[in-house]
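Take a look at the structure below.
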Amino acid sequence: MAALGRLNNKVGLITGAARGIGAGIAQAMAEQGATLYLCDLNIDGASAVAKNIGATAVALNVTSEADWAALADRIKREHGRLDILVHNAGTEIVNSVEQQSSEDVRRVLSVNLEGPMSGCRIMLPLLSAAGKRGAWASVINISSVAALVGQSNLSAYSVSKAAIAHMSKVLAVEWANQGHAIRVNTIYPGCIRTPMLEDTVAGWVREGVFEEASAWDVMKNLCPMKRIGEVSDIAMGAVFLASDESKFMTGTSLTIDGGWMAS
Ligand SMILES: NC(=O)c1ccc[n+]([C@@H]2O[C@H](COP(=O)([O-])OP(=O)(O)OC[C@H]3O[C@@H](n4cnc5c(N)ncnc54)[C@H](O)[C@@H]3O)[C@@H](O)[C@H]2O)c1
């Protein structure tokens, strides 16, 4: 069993924490002692997760600068700093480029890229305040292996995920150099069993691309370990990047994909 308390005395914020990977990260970080704000469009879902782990649920749309600003004011009042910021909320559209409208593309980029950029900008004073206490603050951006390889029918999503990963590198350099003490790293998940992945499989079945069992087999066979990942596989990577155990890591990437990108 992993040691507990790796995130004691750290204040963290996780977006998209109502379900899936975000809820898994929230649970793992709470177990390690973090004080957490769980943010989501789905406040009922976030509240249910928060209640289980003793965290605070907040209704926040990552595309709303007003929501980010209101939360920054609250965290400033309640803690005066933010040690951990996880940009996990995401959305995907699965269709070919010729079926995608500009509106579809804008929606994906707005949630997956502009949202985290607003969050980073608006939370910067609080992250900086955390870094000045000694241990560097940690920003974790959840990208996807879709940013690393070309996959059909995922153009807007893949581009948004490549962009957020590159944003991590830029901010890692900026925020190590401008008097801040903020680390910024990226996680690239492979196929992880969550409602988002279940929706993707349901779409394939609806369109007659695969039967349900074969759809899951296709997903499993993408990686040499031949299984679908669990949210805890990603959550423990996030705990490591948030903890001081990774204190010399910034601008780097953690691929958690059962070996898919190695094959
Ligand atoms: N599941 C996978 O296989 C997989 C693989 C690679 C990357 N990812 C990435 O991991 C992250 C989490 O994915 P998941 O599978 O848990 O997804 P999910 O759809 O199960 O959960 C996403 C959560 O984000 C919230 N959300 C969506 N838009 C929001 C917004 N505008 N503001 C606030 N909250 C919002 C949703 O309400 C939901 O609770 C996403 O960024 C996704 O792209 C997932």
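Here, A, B, ... name the chains of the structure tokens in the order displayed, residue numbers run from 1 inside each chain, and ligands are numbered from 1 in the same displayed order.
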- Using only C-alpha atoms, which residues sit within 12 Å of Asp83 in chain A once same-chain residues fewer than 2 positions away are excluded, as number ranges by chain? A: 7-14, 34-37, 75-76, 79-81, 85-86, 123-140, 181-184, 241-244
Dump as a tab-separated table the rows for residues of chain A within 9 Å of ligand 1: closest atom pair and distance in Å with one decimal, only C-alpha atoms and all ligand atoms counted, ordered by chain and rising residue number.
```
residue	atom	partner	partner_atom_place_in_ligand_line	distance
A:Thr15	CA	ligand 1	34 (N)	5.8
A:Gly16	CA	ligand 1	24 (O)	3.4
A:Ala17	CA	ligand 1	39 (O)	5.6
A:Ala18	CA	ligand 1	39 (O)	4.2
A:Arg19	CA	ligand 1	39 (O)	4.7
A:Gly20	CA	ligand 1	16 (O)	3.5
A:Ile21	CA	ligand 1	16 (O)	3.8
A:Gly22	CA	ligand 1	16 (O)	5.7
A:Ala23	CA	ligand 1	16 (O)	7.6
A:Gly24	CA	ligand 1	16 (O)	8.3
A:Cys39	CA	ligand 1	33 (C)	6.4
A:Asp40	CA	ligand 1	34 (N)	3.8
A:Leu41	CA	ligand 1	33 (C)	4.4
A:Asn42	CA	ligand 1	37 (O)	5.0
A:Ile43	CA	ligand 1	37 (O)	8.4
A:Gly45	CA	ligand 1	39 (O)	7.2
A:Ala46	CA	ligand 1	39 (O)	7.6
A:Ala59	CA	ligand 1	33 (C)	7.8
A:Leu60	CA	ligand 1	33 (C)	5.5
A:Asn61	CA	ligand 1	32 (N)	3.5
A:Val62	CA	ligand 1	32 (N)	4.0
A:Thr63	CA	ligand 1	31 (N)	5.5
A:Ser64	CA	ligand 1	31 (N)	8.1
A:His87	CA	ligand 1	41 (O)	7.4
A:Asn88	CA	ligand 1	41 (O)	4.6
A:Ala89	CA	ligand 1	24 (O)	3.8
A:Gly90	CA	ligand 1	41 (O)	3.5
A:Thr91	CA	ligand 1	27 (C)	5.5
A:Glu92	CA	ligand 1	43 (O)	6.7
A:Ser110	CA	ligand 1	31 (N)	8.0
A:Val111	CA	ligand 1	31 (N)	5.1
A:Asn112	CA	ligand 1	41 (O)	6.7
A:Gly115	CA	ligand 1	31 (N)	7.4
A:Asn141	CA	ligand 1	41 (O)	8.3
A:Ile142	CA	ligand 1	41 (O)	5.4
A:Ser143	CA	ligand 1	7 (C)	5.6
A:Ser144	CA	ligand 1	6 (C)	3.9
A:Val145	CA	ligand 1	6 (C)	6.2
A:Ala146	CA	ligand 1	6 (C)	7.1
A:Tyr157	CA	ligand 1	43 (O)	7.7
A:Lys161	CA	ligand 1	43 (O)	7.5
A:Ile187	CA	ligand 1	7 (C)	8.5
A:Tyr188	CA	ligand 1	6 (C)	6.4
A:Pro189	CA	ligand 1	6 (C)	4.3
A:Gly190	CA	ligand 1	5 (C)	5.0
A:Cys191	CA	ligand 1	3 (O)	3.7
A:Ile192	CA	ligand 1	3 (O)	3.7
A:Arg193	CA	ligand 1	1 (N)	5.7
A:Thr194	CA	ligand 1	15 (O)	4.7
A:Pro195	CA	ligand 1	20 (O)	4.1
A:Met196	CA	ligand 1	19 (O)	4.0
A:Leu197	CA	ligand 1	1 (N)	4.9
A:Glu198	CA	ligand 1	1 (N)	8.3
A:Asp199	CA	ligand 1	19 (O)	8.4
A:Ile228	CA	ligand 1	3 (O)	8.3
A:Gly229	CA	ligand 1	3 (O)	7.7
A:Glu230	CA	ligand 1	1 (N)	8.9
A:Val231	CA	ligand 1	16 (O)	7.7
A:Ile234	CA	ligand 1	10 (O)	8.9
A:Asp257	CA	ligand 1	5 (C)	8.7
```
_DSSP-assigned alpha helix (DSSP H) members of range 32-219 of chain A, reported as a VMD selection string_ = chain A and resid 43 to 53 65 to 78 102 to 109 115 to 131 155 to 177 195 to 206 212 to 219
### Message
as a ChimeraX atom specification, please: the residues near Trp260 in chain A (cut-off 7 Å, only C-alpha atoms, same-chain neighbours under 2 positions excluded).
### Response
/A:222-224,257-258,262-263
Mind checking which residues fall within 12 Å of Glu98 in chain A, counting only C-alpha atoms, ignoring those fewer than 4 positions away in the same chain, and posting them as number ranges by chain? A: 94, 102, 104-105, 152-156
- request: Run DSSP on the backbone and give me the residues of range 186-220 of chain A it puts in strand (DSSP E or B), as an NGL selection string.
  value: :A and (186-189 or 192)
Problem - Selected residue of minimal separation from Lys226 in chain A among A:Gly208, A:Gly54, A:Gly203, A:Gly259, counting only C-alpha atoms - result: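 Using only C-alpha atoms, Lys226 in chain A sits closest to A:Gly259.
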**OP:** Fewer than 4 positions away in the same chain doesn't count, so skip those; otherwise give me all residues within 7 Å of Ala162 in chain A, counting only C-alpha atoms, as JSON, numbers by chain.
**Re:** {"A": [147, 158, 166]}
Export, as a PDB file, in the first residue's frame, the selected residues with C-alpha atoms.
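Dumped everything to part-v8.pdb:
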```pdb
ATOM      1  CA  ALA A 147      -2.067  14.190 -29.274  1.00  0.00           C
ATOM      2  CA  SER A 158      -6.435  15.608 -31.066  1.00  0.00           C
ATOM      3  CA  HIS A 166       2.555  22.236 -25.763  1.00  0.00           C
TER       4      HIS A 166
END
```
